[in-house]
>>> print(open('start_6.csv').read())   # CSV, C-alpha atoms
chain,number,residue,atom,x,y,z
A,1,MET,CA,27.5,18.6,8.1
A,2,GLU,CA,25.5,20.0,5.2
A,3,ASP,CA,25.3,16.6,3.7
A,4,LYS,CA,23.8,15.2,6.9
A,5,GLU,CA,21.2,18.0,7.1
A,6,LYS,CA,20.2,17.4,3.5
A,7,ARG,CA,19.8,13.7,4.1
A,8,ALA,CA,17.8,14.3,7.3
A,9,ARG,CA,15.3,16.3,5.2
A,10,LYS,CA,15.3,13.7,2.4
A,11,TYR,CA,14.4,10.6,4.3
A,12,LEU,CA,11.9,9.8,7.0
A,13,ASN,CA,13.3,9.3,10.5
A,14,PRO,CA,13.9,5.5,10.5
A,15,TYR,CA,12.0,4.9,13.8
A,16,LEU,CA,9.1,7.0,12.5
A,17,GLY,CA,9.3,5.0,9.3
A,18,GLY,CA,9.3,1.8,11.3
A,19,ILE,CA,6.2,2.8,13.3
A,20,LEU,CA,4.4,3.7,10.1
A,21,LEU,CA,5.4,0.4,8.4
A,22,GLY,CA,4.1,-1.4,11.5
A,23,ILE,CA,0.8,0.4,11.3
A,24,VAL,CA,0.5,-0.6,7.6
A,25,LEU,CA,1.2,-4.2,8.6
A,26,ILE,CA,-1.4,-4.0,11.4
A,27,ALA,CA,-3.9,-2.7,8.8
A,28,ALA,CA,-3.2,-5.6,6.5
A,29,ASN,CA,-3.9,-8.0,9.3
A,30,TYR,CA,-6.9,-6.2,10.6
A,31,ILE,CA,-8.6,-5.6,7.2
A,32,SER,CA,-7.4,-8.6,5.1
A,33,GLY,CA,-6.4,-11.1,7.7
A,34,ARG,CA,-2.9,-11.5,6.3
A,35,GLY,CA,0.5,-9.9,6.2
A,36,LEU,CA,2.4,-7.9,3.6
A,37,GLY,CA,4.3,-9.5,0.8
A,38,ALA,CA,6.1,-9.1,-2.5
A,39,SER,CA,7.6,-12.4,-3.9
A,40,GLY,CA,4.1,-14.0,-4.1
A,41,ALA,CA,3.1,-11.5,-6.8
A,42,VAL,CA,6.2,-12.5,-8.8
A,43,LYS,CA,5.0,-16.1,-8.7
A,44,SER,CA,1.6,-15.0,-9.9
A,45,VAL,CA,3.1,-13.3,-12.9
A,46,VAL,CA,5.5,-16.2,-13.6
A,47,VAL,CA,2.6,-18.8,-13.6
A,48,THR,CA,0.5,-16.5,-15.7
A,49,GLY,CA,3.4,-16.1,-18.1
A,50,VAL,CA,3.8,-19.8,-18.4
A,51,ASN,CA,0.1,-20.4,-18.8
A,52,THR,CA,0.0,-17.8,-21.6
A,53,ILE,CA,3.2,-18.5,-23.5
A,54,VAL,CA,3.4,-22.3,-23.2
A,55,PRO,CA,-0.1,-23.5,-22.2
A,56,GLU,CA,0.6,-27.2,-23.1
A,57,HIS,CA,3.6,-27.1,-20.8
A,58,ALA,CA,1.5,-25.7,-17.9
A,59,GLU,CA,-1.2,-28.3,-18.4
A,60,LYS,CA,1.4,-31.1,-18.4
A,61,THR,CA,3.4,-30.0,-15.4
A,62,ALA,CA,2.2,-30.9,-11.9
A,63,PHE,CA,3.3,-27.7,-10.2
A,64,TYR,CA,1.4,-25.3,-12.6
A,65,LYS,CA,-1.6,-27.7,-12.6
A,66,ASP,CA,-1.8,-27.6,-8.8
A,67,TYR,CA,-1.3,-23.9,-8.7
A,68,ASN,CA,-3.9,-23.1,-11.3
A,69,GLU,CA,-6.4,-25.4,-9.5
A,70,SER,CA,-5.9,-23.6,-6.2
A,71,HIS,CA,-5.6,-20.1,-7.9
A,72,PRO,CA,-8.0,-20.1,-10.8
A,73,LYS,CA,-7.1,-16.5,-11.6
A,74,PRO,CA,-3.5,-16.0,-10.5
A,75,MET,CA,-3.4,-12.3,-11.4
A,76,LYS,CA,-6.5,-11.5,-9.3
A,77,SER,CA,-4.6,-12.1,-6.1
A,78,TRP,CA,-4.2,-9.9,-3.0
A,79,LEU,CA,-0.5,-9.7,-3.4
A,80,VAL,CA,-0.6,-8.6,-7.1
A,81,PHE,CA,-2.9,-5.7,-6.1
A,82,GLN,CA,-0.7,-4.9,-3.1
A,83,VAL,CA,2.5,-4.8,-5.2
A,84,LEU,CA,0.8,-2.6,-7.8
A,85,GLY,CA,0.1,-0.3,-4.8
A,86,VAL,CA,3.8,-0.5,-3.7
A,87,LEU,CA,4.8,0.8,-7.1
A,88,VAL,CA,2.4,3.7,-6.9
A,89,GLY,CA,3.3,4.5,-3.3
A,90,ALA,CA,7.0,4.4,-3.9
A,91,PHE,CA,6.6,6.5,-7.0
A,92,ILE,CA,4.6,9.1,-5.1
A,93,SER,CA,7.2,9.2,-2.3
A,94,GLY,CA,10.1,9.4,-4.7
A,95,SER,CA,8.4,12.3,-6.7
A,96,ILE,CA,7.7,14.3,-3.5
A,97,ALA,CA,11.3,13.9,-2.4
A,98,GLY,CA,12.7,14.6,-5.9
A,99,ARG,CA,14.3,11.2,-6.3
A,100,LEU,CA,12.8,10.2,-9.6
A,101,LYS,CA,15.8,9.5,-11.8
A,102,PHE,CA,17.1,6.7,-14.1
A,103,LYS,CA,20.4,5.6,-12.7
A,104,VAL,CA,22.5,2.7,-11.7
A,105,GLU,CA,23.4,3.1,-8.1
A,106,HIS,CA,26.8,1.6,-7.3
A,107,SER,CA,29.9,2.1,-5.2
A,108,PRO,CA,32.4,4.4,-6.9
A,109,LYS,CA,34.9,1.5,-6.8
A,110,ILE,CA,33.0,-0.7,-9.2
A,111,THR,CA,31.6,-0.2,-12.7
A,112,SER,CA,27.9,0.0,-13.5
A,113,LYS,CA,28.2,-3.2,-15.5
A,114,ARG,CA,29.5,-5.1,-12.4
A,115,ARG,CA,26.7,-3.7,-10.3
A,116,LEU,CA,24.1,-4.8,-12.8
A,117,ILE,CA,25.5,-8.3,-13.1
A,118,PHE,CA,25.4,-8.7,-9.4
A,119,ALA,CA,21.9,-7.2,-9.3
A,120,VAL,CA,20.6,-9.9,-11.7
A,121,LEU,CA,22.4,-12.7,-9.9
A,122,GLY,CA,21.1,-11.4,-6.5
A,123,GLY,CA,17.6,-11.3,-7.9
A,124,ILE,CA,17.9,-14.9,-9.1
A,125,PHE,CA,19.0,-16.1,-5.7
A,126,PHE,CA,16.4,-14.1,-3.9
A,127,GLY,CA,13.6,-15.2,-6.2
A,128,PHE,CA,14.5,-18.9,-5.8
A,129,GLY,CA,15.0,-18.6,-2.1
A,130,SER,CA,11.7,-16.8,-1.6
A,131,GLN,CA,9.9,-19.7,-3.1
A,132,MET,CA,11.9,-22.3,-1.1
A,133,GLY,CA,11.3,-20.3,2.1
A,134,ARG,CA,7.6,-19.6,1.4
A,135,GLY,CA,8.0,-15.9,1.3
A,136,CYS,CA,10.6,-13.2,1.3
A,137,THR,CA,11.7,-10.5,3.8
A,138,SER,CA,8.2,-9.0,3.8
A,139,GLY,CA,6.0,-12.0,3.5
A,140,SER,CA,7.9,-14.5,5.6
A,141,ALA,CA,10.2,-12.5,7.9
A,142,LEU,CA,8.5,-9.2,8.7
A,143,SER,CA,4.9,-10.3,8.5
A,144,GLY,CA,5.8,-13.5,10.4
A,145,MET,CA,7.5,-11.6,13.2
A,146,GLY,CA,4.5,-9.4,13.5
A,147,VAL,CA,2.3,-12.4,14.4
A,148,ILE,CA,5.1,-14.0,16.5
A,149,SER,CA,5.4,-16.9,14.0
A,150,LEU,CA,8.4,-19.2,14.6
A,151,GLY,CA,9.0,-19.5,10.9
A,152,GLY,CA,9.1,-15.7,10.6
A,153,PHE,CA,11.9,-15.4,13.1
A,154,ILE,CA,13.8,-18.3,11.6
A,155,THR,CA,13.7,-16.9,8.1
A,156,MET,CA,14.6,-13.5,9.3
A,157,ALA,CA,17.7,-14.9,11.2
A,158,ALA,CA,18.7,-17.0,8.1
A,159,ILE,CA,18.5,-14.1,5.7
A,160,PHE,CA,20.3,-11.5,7.8
A,161,GLY,CA,22.7,-14.1,9.3
A,162,THR,CA,23.8,-15.3,5.9
A,163,ALA,CA,24.1,-11.8,4.5
A,164,PHE,CA,26.3,-10.7,7.5
A,165,ALA,CA,28.4,-13.8,7.2
A,166,LEU,CA,29.1,-13.2,3.5
A,167,ALA,CA,29.4,-9.4,3.8
A,168,TYR,CA,33.2,-9.6,3.9
A,169,PHE,CA,33.5,-11.4,0.6
A,170,PHE,CA,31.3,-8.8,-1.2
A,171,ARG,CA,32.6,-5.7,0.5
A,172,LYS,CA,34.1,-4.3,-2.7
A,173,ASN,CA,30.7,-4.0,-4.2
A,174,TRP,CA,29.4,-1.8,-1.4
A,175,ILE,CA,32.2,0.1,0.5
B,1,MET,CA,-14.2,-7.4,14.7
B,2,GLY,CA,-11.2,-8.0,12.5
B,3,PRO,CA,-10.0,-9.5,10.3
B,4,LEU,CA,-12.7,-7.7,8.3
B,5,VAL,CA,-12.6,-9.8,5.2
B,6,VAL,CA,-12.6,-13.2,7.0
B,7,ASN,CA,-15.6,-12.1,9.1
B,8,GLY,CA,-17.5,-11.1,6.0
B,9,ILE,CA,-17.5,-7.4,6.9
B,10,ILE,CA,-16.0,-6.4,3.5
B,11,SER,CA,-16.3,-8.3,0.2
B,12,ALA,CA,-13.5,-10.1,-1.6
B,13,ASP,CA,-13.4,-7.4,-4.2
B,14,THR,CA,-13.2,-4.6,-1.6
B,15,ASN,CA,-10.4,-6.6,-0.1
B,16,LEU,CA,-8.5,-6.3,-3.4
B,17,LEU,CA,-9.0,-2.6,-3.4
B,18,MET,CA,-7.8,-2.5,0.2
B,19,ALA,CA,-4.7,-4.5,-0.9
B,20,PHE,CA,-3.9,-1.8,-3.4
B,21,LEU,CA,-4.3,1.0,-0.8
B,22,ILE,CA,-2.3,-0.9,1.8
B,23,GLY,CA,0.4,-1.4,-0.9
B,24,ILE,CA,0.5,2.3,-1.5
B,25,GLY,CA,1.2,2.8,2.2
B,26,PHE,CA,3.8,0.1,2.1
B,27,GLY,CA,5.6,1.4,-0.9
B,28,PHE,CA,5.4,5.0,0.4
B,29,VAL,CA,6.9,4.2,3.7
B,30,LEU,CA,9.6,1.9,2.2
B,31,GLU,CA,10.7,4.5,-0.3
B,32,GLY,CA,10.4,7.3,2.2
B,33,SER,CA,12.7,5.5,4.6
B,34,GLY,CA,15.4,5.1,1.9
B,35,PHE,CA,14.7,1.4,1.0
B,36,SER,CA,14.8,2.2,-2.8
B,37,SER,CA,18.6,2.6,-2.4
B,38,SER,CA,20.6,-0.6,-2.5
B,39,ARG,CA,23.6,1.1,-0.9
B,40,LYS,CA,21.5,2.3,2.0
B,41,LEU,CA,20.1,-1.2,2.4
B,42,ALA,CA,23.5,-3.0,2.2
B,43,GLY,CA,24.9,-0.5,4.7
B,44,VAL,CA,23.5,-2.5,7.6
B,45,PHE,CA,26.0,-5.3,6.7
B,46,TYR,CA,29.0,-2.9,7.0
B,47,GLY,CA,27.7,-0.7,9.8
B,48,TYR,CA,27.7,2.6,7.8
B,49,ASP,CA,23.9,2.8,7.5
B,50,THR,CA,21.7,0.7,9.8
B,51,VAL,CA,18.3,2.1,8.5
B,52,VAL,CA,17.2,-1.4,7.6
B,53,LEU,CA,17.7,-2.7,11.1
B,54,LYS,CA,15.9,0.3,12.7
B,55,VAL,CA,12.9,0.3,10.3
B,56,PHE,CA,12.5,-3.4,10.1
B,57,PHE,CA,12.6,-4.0,13.9
B,58,THR,CA,10.6,-1.0,14.8
B,59,ALA,CA,7.9,-2.2,12.4
B,60,ALA,CA,8.0,-5.7,13.7
B,61,ILE,CA,7.6,-4.6,17.4
B,62,THR,CA,5.0,-2.0,16.5
B,63,ALA,CA,2.9,-4.6,14.7
B,64,MET,CA,3.5,-7.3,17.3
B,65,VAL,CA,2.5,-5.1,20.2
B,66,GLY,CA,-0.4,-3.4,18.3
B,67,LEU,CA,-1.9,-6.8,17.3
B,68,LEU,CA,-1.5,-8.2,20.8
B,69,PHE,CA,-3.4,-5.2,22.3
B,70,MET,CA,-6.0,-5.3,19.6
B,71,SER,CA,-6.5,-9.0,20.3
B,72,LEU,CA,-6.7,-8.2,24.0
B,73,PHE,CA,-9.4,-5.6,23.4
B,74,GLY,CA,-11.4,-8.0,21.2
B,75,TRP,CA,-10.9,-6.0,18.1
B,76,ILE,CA,-9.2,-8.8,16.1
B,77,ASP,CA,-9.3,-12.5,16.3
B,78,LEU,CA,-5.7,-13.5,15.6
B,79,ASP,CA,-6.8,-17.2,15.1
B,80,LEU,CA,-8.3,-16.0,11.8
B,81,VAL,CA,-5.2,-14.3,10.5
B,82,TYR,CA,-3.3,-16.3,7.9
B,83,ILE,CA,0.1,-17.3,9.2
B,84,ASN,CA,2.7,-19.1,7.0
B,85,PRO,CA,3.1,-22.7,8.1
B,86,THR,CA,6.6,-23.6,9.4
B,87,TYR,CA,8.7,-26.1,7.5
B,88,LEU,CA,12.1,-26.0,9.2
B,89,PRO,CA,14.5,-27.2,6.5
B,90,SER,CA,13.0,-25.1,3.7
B,91,ALA,CA,12.6,-22.1,5.9
B,92,ILE,CA,16.3,-22.2,6.8
B,93,ALA,CA,17.6,-23.1,3.3
B,94,GLY,CA,15.3,-20.5,1.7
B,95,GLY,CA,16.5,-17.9,4.1
B,96,VAL,CA,20.2,-18.7,3.5
B,97,ILE,CA,19.7,-18.5,-0.3
B,98,MET,CA,17.8,-15.2,0.2
B,99,GLY,CA,20.7,-13.9,2.3
B,100,VAL,CA,23.1,-14.7,-0.6
B,101,GLY,CA,20.8,-12.8,-2.9
B,102,PHE,CA,20.6,-9.9,-0.5
B,103,ILE,CA,24.3,-9.3,-0.2
B,104,MET,CA,24.9,-9.8,-3.9
B,105,GLY,CA,21.9,-7.8,-5.2
B,106,GLY,CA,21.4,-5.2,-2.4
B,107,PHE,CA,17.7,-5.5,-2.5
B,108,CYS,CA,14.9,-7.8,-1.3
B,109,PRO,CA,11.8,-8.2,-3.5
B,110,GLY,CA,9.7,-5.5,-1.8
B,111,THR,CA,12.5,-2.9,-1.8
B,112,SER,CA,13.5,-3.7,-5.5
B,113,PHE,CA,9.9,-2.8,-6.5
B,114,CYS,CA,10.4,0.6,-4.8
B,115,GLY,CA,13.7,1.1,-6.5
B,116,LEU,CA,12.2,0.2,-9.8
B,117,ALA,CA,9.3,2.7,-9.3
B,118,ILE,CA,11.7,5.6,-8.9
B,119,GLY,CA,14.0,4.6,-11.9
B,120,LYS,CA,16.8,2.6,-10.4
B,121,ILE,CA,18.2,0.5,-13.2
B,122,ASP,CA,19.9,-1.9,-10.8
B,123,ALA,CA,16.5,-2.5,-9.1
B,124,MET,CA,14.9,-3.3,-12.5
B,125,LEU,CA,17.6,-5.9,-13.2
B,126,PHE,CA,17.1,-7.3,-9.7
B,127,VAL,CA,13.4,-7.7,-10.5
B,128,ALA,CA,14.2,-9.4,-13.8
B,129,GLY,CA,16.4,-11.8,-11.8
B,130,LEU,CA,13.5,-12.4,-9.4
B,131,PHE,CA,11.4,-13.7,-12.3
B,132,VAL,CA,14.2,-16.0,-13.4
B,133,GLY,CA,14.7,-17.3,-9.9
B,134,VAL,CA,11.1,-18.0,-9.4
B,135,LEU,CA,10.9,-19.7,-12.8
B,136,ILE,CA,13.8,-21.9,-11.9
B,137,PHE,CA,12.0,-22.9,-8.7
B,138,THR,CA,8.7,-23.7,-10.5
B,139,GLU,CA,10.3,-25.5,-13.4
B,140,GLY,CA,12.6,-27.6,-11.2
B,141,TYR,CA,10.0,-28.2,-8.6
B,142,PRO,CA,10.1,-32.1,-8.7
B,143,LEU,CA,13.8,-31.9,-7.8
B,144,TRP,CA,13.1,-30.1,-4.5
B,145,GLU,CA,9.5,-31.0,-3.8
B,146,GLU,CA,10.4,-33.6,-1.1
B,147,PHE,CA,12.8,-31.2,0.6
B,148,TYR,CA,10.3,-28.3,0.3
B,149,LYS,CA,7.6,-30.3,2.1
B,150,SER,CA,9.8,-31.9,4.8
B,151,GLY,CA,10.0,-31.0,8.4
B,152,PHE,CA,6.5,-29.6,8.8
B,153,LYS,CA,6.0,-28.1,12.2
B,154,GLY,CA,2.5,-26.7,12.0
B,155,ILE,CA,2.0,-23.0,12.7
B,156,PRO,CA,3.9,-22.6,15.9
B,157,LYS,CA,4.4,-19.3,17.6
B,158,LEU,CA,7.9,-18.4,18.8
B,159,SER,CA,6.4,-17.8,22.3
B,160,GLU,CA,5.0,-21.3,22.4
B,161,SER,CA,8.3,-22.9,21.3
B,162,LEU,CA,10.1,-21.1,24.1
B,163,GLY,CA,7.3,-21.7,26.6
B,164,LEU,CA,6.7,-18.0,27.2
B,165,SER,CA,3.5,-15.9,27.1
B,166,ASP,CA,3.0,-13.7,24.0
B,167,GLY,CA,3.4,-10.6,26.1
B,168,LEU,CA,6.6,-11.6,27.7
B,169,LEU,CA,8.0,-12.7,24.3
B,170,ALA,CA,7.1,-9.3,22.8
B,171,PHE,CA,8.7,-7.6,25.7
B,172,GLY,CA,11.9,-9.6,25.1
B,173,VAL,CA,11.9,-8.7,21.4
B,174,ILE,CA,11.6,-5.0,22.3
B,175,VAL,CA,14.5,-5.2,24.7
B,176,VAL,CA,16.6,-7.0,22.0
B,177,ALA,CA,15.6,-4.5,19.4
B,178,LEU,CA,16.5,-1.5,21.7
B,179,GLY,CA,19.9,-3.1,22.2
B,180,MET,CA,20.3,-3.5,18.4
B,181,PHE,CA,19.3,0.2,17.9
B,182,TYR,CA,21.9,1.3,20.3
B,183,VAL,CA,24.6,-0.8,18.5
B,184,GLY,CA,23.3,0.6,15.1
B,185,GLU,CA,23.6,4.2,16.2
B,186,TRP,CA,27.1,3.5,17.5
B,187,THR,CA,28.3,1.8,14.3
B,188,GLU,CA,26.9,4.6,12.1
B,189,LYS,CA,29.2,7.0,14.1
B,190,ARG,CA,32.0,4.6,14.0
B,191,PHE,CA,31.9,3.9,10.3
B,192,PRO,CA,30.6,7.1,8.7
B,193,ARG,CA,30.1,7.3,5.0
B,194,LYS,CA,29.3,10.2,2.7
B,195,GLU,CA,26.0,10.6,1.0
B,196,TYR,CA,26.1,9.2,-2.5
>>> encode(input="start_6.csv", output="structure tokens")
Amino acid sequence: MEDKEKRARKYLNPYLGGILLGIVLIAANYISGRGLGASGAVKSVVVTGVNTIVPEHAEKTAFYKDYNESHPKPMKSWLVFQVLGVLVGAFISGSIAGRLKFKVEHSPKITSKRRLIFAVLGGIFFGFGSQMGRGCTSGSALSGMGVISLGGFITMAAIFGTAFALAYFFRKNWI
Amino acid sequence: MGPLVVNGIISADTNLLMAFLIGIGFGFVLEGSGFSSSRKLAGVFYGYDTVVLKVFFTAAITAMVGLLFMSLFGWIDLDLVYINPTYLPSAIAGGVIMGVGFIMGGFCPGTSFCGLAIGKIDAMLFVAGLFVGVLIFTEGYPLWEEFYKSGFKGIPKLSESLGLSDGLLAFGVIVVALGMFYVGEWTEKRFPRKEY
């Protein structure tokens, strides 16, 4: 019981959190005429990295050429600034709640090493999928659902449906 | 009338400042709701913690209903809001690949940034993986360009596709969400798990 009380103090009520998140999403639409996102900022950084490290390659390759033409300053993008804000906001919330701590979070049944290997692999899949799907859980699914976009609902169903369908095979990692 | 930047009420540079402030709100709420923890996030797939379901759908219906009312009152022109175009094959394939990443990695991009910000090392490696995954996509682009651009459907609304009004559709989503919240509360009692 004590655990439960402790947890209740630690995290926001999920429905209150949802309403607040909805208000943030409304603000993004009202102020900036767009939804929230995350993976788009990763793409900005990747393209900037390629431009900087191997400029000849970026000039020769159609994808980067097109992207640089449509985004002359990839780092001066809405999503890059928004993600910088996310880092700050999460840090503030974590410090208020006393959750700032370097740690590998994993089920007691698996090792840290296994958790980290799966984290990298999951990131690779998610990064690739977010580009194929034109946005991730925030940019495509949540923001899309907020404006009743068909694509938003489809992406949401595909993400959660697949994860549910595969949950059995990865259960050892989590429970 | 909104959107402010599209209607020239705020400048492009102010818009970037607003992006930063909106991001702070986004990160604060995600972290505060527990989305910096992969085991809380993954809990929805095993029933022991359905915070993802509750926060995600409460946010979606709040935004949906809020924007519909704001549009009704003439406060925002939803035709000027950017909406992702729908390409069916890549939306489904992308979603499936992201689902694999979700169950393996326990994060999505936005939540991994929150985990990283409070020191979760697993989140940091997930973010590193994101960069690799995006780089694979951009480097291999000619291989999937055709698939990526296939099945373009324009920018349809789910309500249009189903032949419903926006209001009725939003009402339906609320009813479905309430049903899911009920199931979520039930599974959390059914499959309790200790705090970790």
>>> closest_residue(input="start_6.csv", among="A:Ile124, A:Ile53, A:Ile110, A:Val47", to="chain B", atoms="all atoms listed in the file")
A:Ile124
>>> atom_distance(input="start_6.csv", atom1="CA of Ala38 (chain A)", atom2="CA of Gly8 (chain B)")
25.2 Å
>>> closest_residue(input="start_6.csv", among="A:Leu36, A:Leu150, A:Ile117, A:Ala157", to="chain B", atoms="only C-alpha atoms")
A:Leu150
>>> atom_distance(input="start_6.csv", atom1="CA of Leu158 (chain B)", atom2="CA of Tyr182 (chain B)")
24.2 Å
>>> residues_around(input="start_6.csv", residues="Ala42 (chain B)", least_positions_apart="5", cutoff="8 Å", atoms="only C-alpha atoms", output="PDB file with C-alpha atoms, in the coordinates of the input")
ATOM      1  CA  TRP A 174      29.400  -1.800  -1.400  1.00  0.00           C
TER       2      TRP A 174
ATOM      3  CA  ASP B  49      23.900   2.800   7.500  1.00  0.00           C
ATOM      4  CA  PHE B 102      20.600  -9.900  -0.500  1.00  0.00           C
ATOM      5  CA  ILE B 103      24.300  -9.300  -0.200  1.00  0.00           C
ATOM      6  CA  GLY B 106      21.400  -5.200  -2.400  1.00  0.00           C
ATOM      7  CA  PHE B 107      17.700  -5.500  -2.500  1.00  0.00           C
TER       8      PHE B 107
END
>>> atom_distance(input="start_6.csv", atom1="CA of Ala167 (chain A)", atom2="CA of Ser112 (chain A)")
19.7 Å
>>> residues_around(input="start_6.csv", residues="Phe118 (chain A)", least_positions_apart="2", cutoff="10 Å", atoms="all atoms listed in the file", output="ChimeraX atom specification")
/A:112-116,120-124,173 /B:101,103-106,122,125-126,129
>>> residues_around(input="start_6.csv", residues="His71 (chain A)", least_positions_apart="5", cutoff="12 Å", atoms="only C-alpha atoms", output="list in words")
Lys43, Ser44, Val47, Thr48, Phe63, Tyr64, Lys65, Asp66, Lys76, Ser77 and Trp78 of chain A
>>> closest_atom_pairs(input="start_6.csv", of="region 76-174 of chain A", to="region 57-63 of chain B", cutoff="9 Å", atoms="all atoms listed in the file", output="tab-separated table")
residue	atom	partner	partner_atom	distance
A:Leu142	CA	B:Ala60	CA	6.1
A:Ser143	CA	B:Ala60	CA	7.6
A:Gly144	CA	B:Ala60	CA	8.8
A:Met145	CA	B:Ala60	CA	5.9
A:Gly146	CA	B:Ala60	CA	5.1
A:Val147	CA	B:Ala63	CA	7.8
>>> residues_around(input="start_6.csv", residues="Ile175 (chain A)", least_positions_apart="2", cutoff="8 Å", atoms="all atoms listed in the file", output="list in words")
Ser107, Lys109, Arg171, Lys172 and Asn173 of chain A; Tyr46 of chain B
>>> closest_residue(input="start_6.csv", among="B:Leu164, B:Leu178, B:Ile24, B:Met124", to="Ser112 (chain B)", atoms="all atoms listed in the file")
B:Met124
>>> closest_residue(input="start_6.csv", among="A:Gly133, A:Pro74, A:Pro55, A:Gly37", to="chain B", atoms="all atoms listed in the file")
A:Gly133
>>> residues_around(input="start_6.csv", residues="Ile97 (chain B)", least_positions_apart="3", cutoff="9 Å", atoms="only C-alpha atoms", output="PyMOL selection string")
(chain A and resi 125-126+128-130+132-133+158-159+162) or (chain B and resi 92-94+100-102)
